[in-house]
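These notes concern the structure reproduced below.
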Amino acid sequence: MNNPRRIAAVFTATITLFFGCSRSAEIPIEIPFTPVLSGQNVSCQVAPSGFSLHDLRFYVHDVALIDAAGVISPVTLTPDNVWQTEQVALLDFENGSDGCSEGTVGTHGAIVGRVKQGDYTGLRFTLGIPFDLNHANPAEAVAPLNLGRLHWGWQAGYKFLRLEASASDGDFRFHLGSTGCEGTIGHITSCARPNRAVVEVENFAPGKSIDIDLTTLVQTPAAHPKENDAVSCMSDIDSGSCREPFRLIGLDLATGAALPQQLLFKVRS
Amino acid sequence: MIVAALALSCSRPEWRWDLPKGFPPPRVPEDNPMSTAKVELGRRLFYDKRLSENGTQACASCHQQAKAFSDGRVHAVGSTGEAHTRNSMTLTNVAYGSRFTWASPLLNRLEDQALVPMFGDTPIELGLTDERTLVDRFAGDELYVKFFSEAFPGVEAPISLKHITAAIASFERTLISGNSSYDRYAAGDTGTLSDSAKRGMSLFFSERLECFHCHGGFNFADSVDHAKLAEPERAFHNTGLYNVDGKGAYPESDRGLYNVTHKLEDMGRFKAPTLRNVAVTAPYMHDGSIDTLGEAVDHYAAGGRTITGGPNTGDGSESPLKDKFLIGFILTQAEKEDLLAFLTSLTDEEFLKNQRFSDPNAG
């Protein structure tokens, strides 16, 4: 029983089985995102005439793939000390120059992780930051939660999404985050409106990429009820500017609850 | 016995408050104890324009000592030229604030409040974008490397965002003002207040005017915290400045506490700022919409403001949301002058000139 060789052999077999199994079952996955407007790719340098992008950054968590039977397989995010922790990833499409001079140089256009091998037909993620991380002390946060411009001091949390652009219809600013929070910063107990959109994208399979379709979103200035030349939605429930952005991203403006449908993210065809 | 004495001497901080008579010690966050080195670093940072992305503004740009750390403007203007919707607040006795900014129920630490002007973007104030840019600026400056390592000894990375806000907060906590003519009078030096100011003092503390309900206590404010309070006091008030819909609404540009809570009862509620040094912090109110102290008194005498014409037309005195103490009162011209004399006696000239609070690089 105590034969060292035998123990070693069993040990080796166990290790092989263990890693062998997980290796064959899990595959690396990269899910690229591309901002588009009227069917064209958009970046800080390149955009259709009359439009310029100034900032597009958003946080995601609870990323998962869904198969035809509706079984949900979580994607384990790969931490990289810059864009992703195990819990949350920042997608960043601004480069700190060209039309996006107020941001940072680095960009990060894809969710990177691992997922169980499967026959997937859909993607799901939550746009935002989990409650505990969202309300922790920002001065002690680690990347990607240490970007001051994405912290929302007066709301005691983060901007889940920061989208700034100018279109021929007017300027467009959309800052999304939890509102109506109670407690004090670092000790927030609850938020009346969480504003975490649960995004589901159909017809997704590993290898495909996601379009962030800004077309309808940035045309909202024209539809703005106040005839204002700017749309500025700071997640304010009374703001006419917020109605359309919230509907498109799949959030109930009044309650901050996720709606079953969103119209912003689509599989690239 | 010996162990206890040792333990006490070890935990005793090097910092000693030099407080005016009747002032309790401020409540200091446990993770940011006061120290001379930290205060000195914070003072340098407070006056350093590298705190703005484009190097044009420091904290001190909108918080000027001669104006009791306010700026004299109707609305503050940020480093990129963007105007704020709000008036720069005085930092007089900010150590005793229980909540910061004009109307935030959430910000209760100066360390966190500092992040709002540093990184905020609606509007842009100092316009910083990320921590690394800021840290790199000071990491390349030998003098600052020394100051940071003295302020945060034995720490692997002394220069960090956390330490920058900790140092600025420590400096701000030293901005204590309690040596006005009124204070010297209250301490027994009866010659420091004019008869007019004394009559004004009686009016101020009267049930007829009700001023002291919101501007009460040693700091003439009611959102107050200090080390001897069991828990912080917080209060916000609607003073009937606006009533644009007959139901008490404030203009959409700034609705005070309601902006954060979206509760109807919070519409138009703002913090009652300290009245210490109030004579040098004009213009007044959260939006700087009242030019002079005399007009501010008129506003309270009317029990709310009536605006005739323009988008903000409405009678604030009829607002269903205005504070119950905003009852209005009638003052003779002489009484008004007495009240103004009292309010002016709250100016602390020493505070406005104290070298310990001034720009370390100036003269």
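Ordering of the structure tokens sets the chain letters (A, B, ...); residue numbers start at 1 within each chain; ligands are numbered from 1 in the order shown.
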
(request) Please return, as a count of residues only, all residues of chain B lying within 9 Å of chain A when only C-alpha atoms are considered. (result) 35

(request) Would you mind writing down, as number ranges by chain, each residue of region 94-278 of chain B that DSSP on the backbone assigns to alpha helix (DSSP H)? (result) B: 110-113, 115-119, 131-139, 142-151, 161-173, 181-186, 195-204, 258-261

(message) Residues within 7 Å of Leu163 (chain A), please, as a PyMOL selection string. Count only C-alpha atoms; anything in the same chain fewer than 2 positions from it doesn't count.
(response) chain A and resi 55-57+161+165+173-175
